[in-house]
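Everything below belongs to input18.csv, which stores CSV, C-alpha atoms and all ligand atoms.
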chain,number,residue,atom,x,y,z
A,1,MET,CA,-18.6,-11.4,16.9
A,2,THR,CA,-18.9,-13.9,14.1
A,3,ARG,CA,-20.9,-16.3,16.3
A,4,ARG,CA,-23.4,-13.6,17.3
A,5,ILE,CA,-23.8,-12.0,13.9
A,6,THR,CA,-24.3,-15.4,12.3
A,7,THR,CA,-26.9,-16.4,14.9
A,8,ALA,CA,-28.8,-13.1,14.3
A,9,GLN,CA,-28.7,-13.7,10.5
A,10,LEU,CA,-30.1,-17.2,11.0
A,11,LEU,CA,-32.8,-15.9,13.1
A,12,VAL,CA,-34.1,-13.4,10.5
A,13,LEU,CA,-33.6,-16.0,7.7
A,14,GLN,CA,-36.0,-18.4,9.6
A,15,LEU,CA,-38.3,-15.5,10.3
A,16,GLY,CA,-38.5,-14.7,6.6
A,17,ARG,CA,-39.3,-18.4,5.9
A,18,ILE,CA,-42.1,-18.3,8.5
A,19,LYS,CA,-43.4,-15.1,7.0
A,20,ASP,CA,-43.4,-16.6,3.5
A,21,ARG,CA,-45.6,-19.5,4.8
A,22,GLY,CA,-48.0,-16.8,6.2
A,23,GLU,CA,-47.5,-18.1,9.8
A,24,LEU,CA,-45.6,-15.1,11.3
A,25,HIS,CA,-46.7,-14.1,14.8
A,26,PRO,CA,-45.9,-10.5,15.9
A,27,THR,CA,-44.1,-11.7,19.0
A,28,GLN,CA,-41.6,-13.5,16.8
A,29,VAL,CA,-40.8,-10.1,15.1
A,30,SER,CA,-40.4,-8.6,18.6
A,31,LEU,CA,-38.0,-11.3,19.6
A,32,ALA,CA,-35.9,-10.8,16.5
A,33,LYS,CA,-35.8,-7.0,16.6
A,34,TRP,CA,-35.0,-7.1,20.3
A,35,ASN,CA,-32.2,-9.7,19.8
A,36,ASN,CA,-30.7,-8.4,16.6
A,37,VAL,CA,-30.6,-4.7,17.4
A,38,ARG,CA,-29.1,-5.4,20.9
A,39,MET,CA,-26.6,-7.8,19.2
A,40,GLY,CA,-25.6,-5.1,16.7
A,41,LEU,CA,-25.2,-2.5,19.4
A,42,ASP,CA,-23.0,-4.9,21.5
A,43,ILE,CA,-20.8,-5.7,18.4
A,44,CYS,CA,-20.3,-2.0,17.7
A,45,ARG,CA,-19.3,-1.4,21.3
A,46,GLU,CA,-16.8,-4.2,21.1
A,47,ALA,CA,-15.4,-2.8,17.8
A,48,ARG,CA,-15.1,0.6,19.5
A,49,ASP,CA,-13.3,-0.9,22.4
A,50,ILE,CA,-10.8,-2.7,20.1
A,51,LEU,CA,-9.9,0.8,18.8
A,52,GLY,CA,-9.2,2.0,22.4
A,53,ALA,CA,-9.6,5.7,23.2
A,54,GLY,CA,-9.5,6.5,19.5
A,55,GLY,CA,-12.7,4.5,19.1
A,56,ILE,CA,-14.8,7.3,20.5
A,57,SER,CA,-13.7,9.5,17.6
A,58,ILE,CA,-16.1,9.8,14.6
A,59,GLU,CA,-13.0,9.3,12.4
A,60,TYR,CA,-13.7,5.6,13.1
A,61,SER,CA,-17.0,4.0,12.0
A,62,PRO,CA,-18.0,1.9,15.1
A,63,ILE,CA,-19.1,4.9,17.1
A,64,ARG,CA,-21.3,6.2,14.2
A,65,HIS,CA,-22.9,2.8,13.9
A,66,MET,CA,-23.4,2.7,17.7
A,67,MET,CA,-25.2,6.0,17.7
A,68,ASN,CA,-27.4,4.9,14.8
A,69,LEU,CA,-28.3,1.7,16.6
A,70,GLU,CA,-29.1,3.7,19.8
A,71,SER,CA,-31.9,5.2,17.8
A,72,VAL,CA,-32.9,1.9,16.2
A,73,ILE,CA,-33.3,0.4,19.7
A,74,THR,CA,-36.0,3.1,20.3
A,75,TYR,CA,-38.0,3.3,17.0
A,76,GLU,CA,-40.2,0.5,15.6
A,77,GLY,CA,-40.9,-0.5,19.2
A,78,THR,CA,-38.5,0.2,22.0
A,79,GLU,CA,-36.5,-2.7,23.4
A,80,THR,CA,-38.6,-2.6,26.6
A,81,ILE,CA,-41.8,-2.9,24.7
A,82,HIS,CA,-40.5,-5.9,22.7
A,83,GLU,CA,-39.4,-7.5,26.0
A,84,LEU,CA,-42.9,-6.9,27.4
A,85,SER,CA,-44.5,-8.4,24.3
A,86,VAL,CA,-42.3,-11.5,24.4
A,87,GLY,CA,-42.9,-11.8,28.2
A,88,SER,CA,-46.7,-11.7,27.8
A,89,GLN,CA,-46.6,-14.4,25.1
A,90,LEU,CA,-44.4,-16.6,27.4
A,91,CYS,CA,-46.4,-16.1,30.6
A,92,GLY,CA,-49.9,-15.5,29.2
A,93,LYS,CA,-50.0,-12.3,31.4
A,94,HIS,CA,-49.6,-8.7,30.4
A,95,ALA,CA,-47.2,-6.7,32.5
A,96,PHE,CA,-48.3,-3.4,30.9
A,101,LIG,C1,-34.2,8.3,15.2
A,101,LIG,C2,-35.7,8.1,15.5
A,101,LIG,C3,-36.5,8.1,14.4
A,101,LIG,C4,-37.9,8.0,14.6
A,101,LIG,N1,-38.7,8.0,13.5
A,101,LIG,C5,-40.0,7.9,13.6
A,101,LIG,C6,-40.9,7.9,12.5
A,101,LIG,O1,-40.5,7.9,11.3
A,101,LIG,N2,-42.2,7.8,12.7
A,101,LIG,C7,-42.8,7.7,13.9
A,101,LIG,O2,-44.0,7.7,14.1
A,101,LIG,N3,-42.0,7.7,15.0
A,101,LIG,C8,-40.6,7.8,14.9
A,101,LIG,N4,-39.8,7.8,16.0
A,101,LIG,C9,-40.4,7.8,17.3
A,101,LIG,C10,-40.3,6.4,18.0
A,101,LIG,O3,-41.2,5.5,17.4
A,101,LIG,C11,-40.7,6.7,19.5
A,101,LIG,O4,-39.7,7.5,20.0
A,101,LIG,C12,-40.9,5.4,20.2
A,101,LIG,O5,-42.1,4.7,19.8
A,101,LIG,C13,-40.9,5.6,21.7
A,101,LIG,O6,-41.9,6.5,22.1
A,101,LIG,P1,-41.6,7.7,23.0
A,101,LIG,O7,-40.4,8.4,22.5
A,101,LIG,O8,-42.9,8.5,23.2
A,101,LIG,O9,-41.2,7.1,24.4
A,101,LIG,P2,-42.2,6.5,25.6
A,101,LIG,O10,-43.3,5.7,25.0
A,101,LIG,O11,-42.5,7.7,26.5
A,101,LIG,O12,-41.2,5.5,26.3
A,101,LIG,C14,-40.1,6.0,27.1
A,101,LIG,C15,-39.5,4.7,27.8
A,101,LIG,O13,-40.5,4.1,28.6
A,101,LIG,C16,-40.7,2.7,28.1
A,101,LIG,N5,-42.1,2.4,28.2
A,101,LIG,C17,-43.1,2.9,27.5
A,101,LIG,N6,-44.3,2.3,27.9
A,101,LIG,C18,-44.0,1.4,28.8
A,101,LIG,C19,-44.8,0.4,29.6
A,101,LIG,N7,-46.1,0.3,29.4
A,101,LIG,N8,-44.1,-0.4,30.4
A,101,LIG,C20,-42.8,-0.3,30.6
A,101,LIG,N9,-42.0,0.6,29.9
A,101,LIG,C21,-42.6,1.4,29.0
A,101,LIG,C22,-40.2,2.7,26.7
A,101,LIG,O14,-39.7,1.4,26.4
A,101,LIG,C23,-39.0,3.7,26.8
A,101,LIG,O15,-37.8,3.1,27.3
A,101,LIG,C24,-38.4,7.9,15.9
A,101,LIG,C25,-37.5,7.9,17.0
A,101,LIG,C26,-36.2,8.0,16.8
A,101,LIG,C27,-35.3,7.9,18.0
Can you dump the structure from the file as structure tokens?
Amino acid sequence: MTRRITTAQLLVLQLGRIKDRGELHPTQVSLAKWNNVRMGLDICREARDILGAGGISIEYSPIRHMMNLESVITYEGTETIHELSVGSQLCGKHAF
């Protein structure tokens, strides 16, 4: 968990630096949103799993965060659209 959370934090820190330099490309935002929301969702699922069956109860916070992140994966660009955006930048071809 620590490894992935720290990696995600470093990604957005670097993105902020690039933005401050005025060199930010939209595809870099796609990559970061795609990676970090997916990472957050995976971490919540792991936290829920650690709690066992009790983890599915709203008495514990991981499932609430999971449900919130399920909506974040959709708004501000769905995960699929960010994948397509990064893919088109890498390949120079649009798949949509
Ligand atoms: C909690 C929440 C809050 C929201 N708040 C706002 C808000 O404040 N303002 C606002 O304007 N909107 C808001 N939205 C709407 C959100 O931005 C849209 O739901 C989102 O853009 C996806 O559009 P859609 O629901 O029409 O799905 P669609 O565009 O129909 O997409 C359905 C699925 O098909 C995929 N897909 C779409 N096009 C392609 C393609 N060309 N190739 C491959 N796959 C594709 C998508 O990735 C997705 O998985 C919110 C959504 C949620 C869940």
- request: Identify, on the basis of only C-alpha atoms, every residue whose closest approach to region 18-30 of chain A does not exceed 9 Å; exclude the query and any residue fewer than 4 positions from it along the same chain; express the result as a list in words.
  value: Val12, Leu13, Gln14, Trp34, Asn35, Gly77, Glu79, Ile81, His82, Glu83, Ser85, Val86 and Gln89 of chain A
query: Can I get the residues close to ligand LIG 101 (chain A) as a ChimeraX atom specification, where close means within 12 Å and we count all atoms listed in the file?
result: /A:34,67-85,87-88,94-96
field: Proximity to Arg48 (chain A) - best of A:Arg17, A:Lys93, A:Arg3, A:His65, all atoms listed in the file
entry: A:His65
One-decimal distance in Å that lies between CA of Ile43 (chain A) and CA of Ile5 (chain A): 8.3 Å
Atomic separation - CA of Cys44 (chain A) relative to CA of Arg64 (chain A), Å: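 CA of Arg64 (chain A) sits 9.0 Å away from CA of Cys44 (chain A).
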message: When you count only C-alpha atoms, which of these residues is closest to Arg45 (chain A): A:Leu15, A:Met1, A:Ala8, A:Leu31?
response: A:Met1
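Going from CA of Arg4 (chain A) to CA of Met39 (chain A) covers 6.9 Å.
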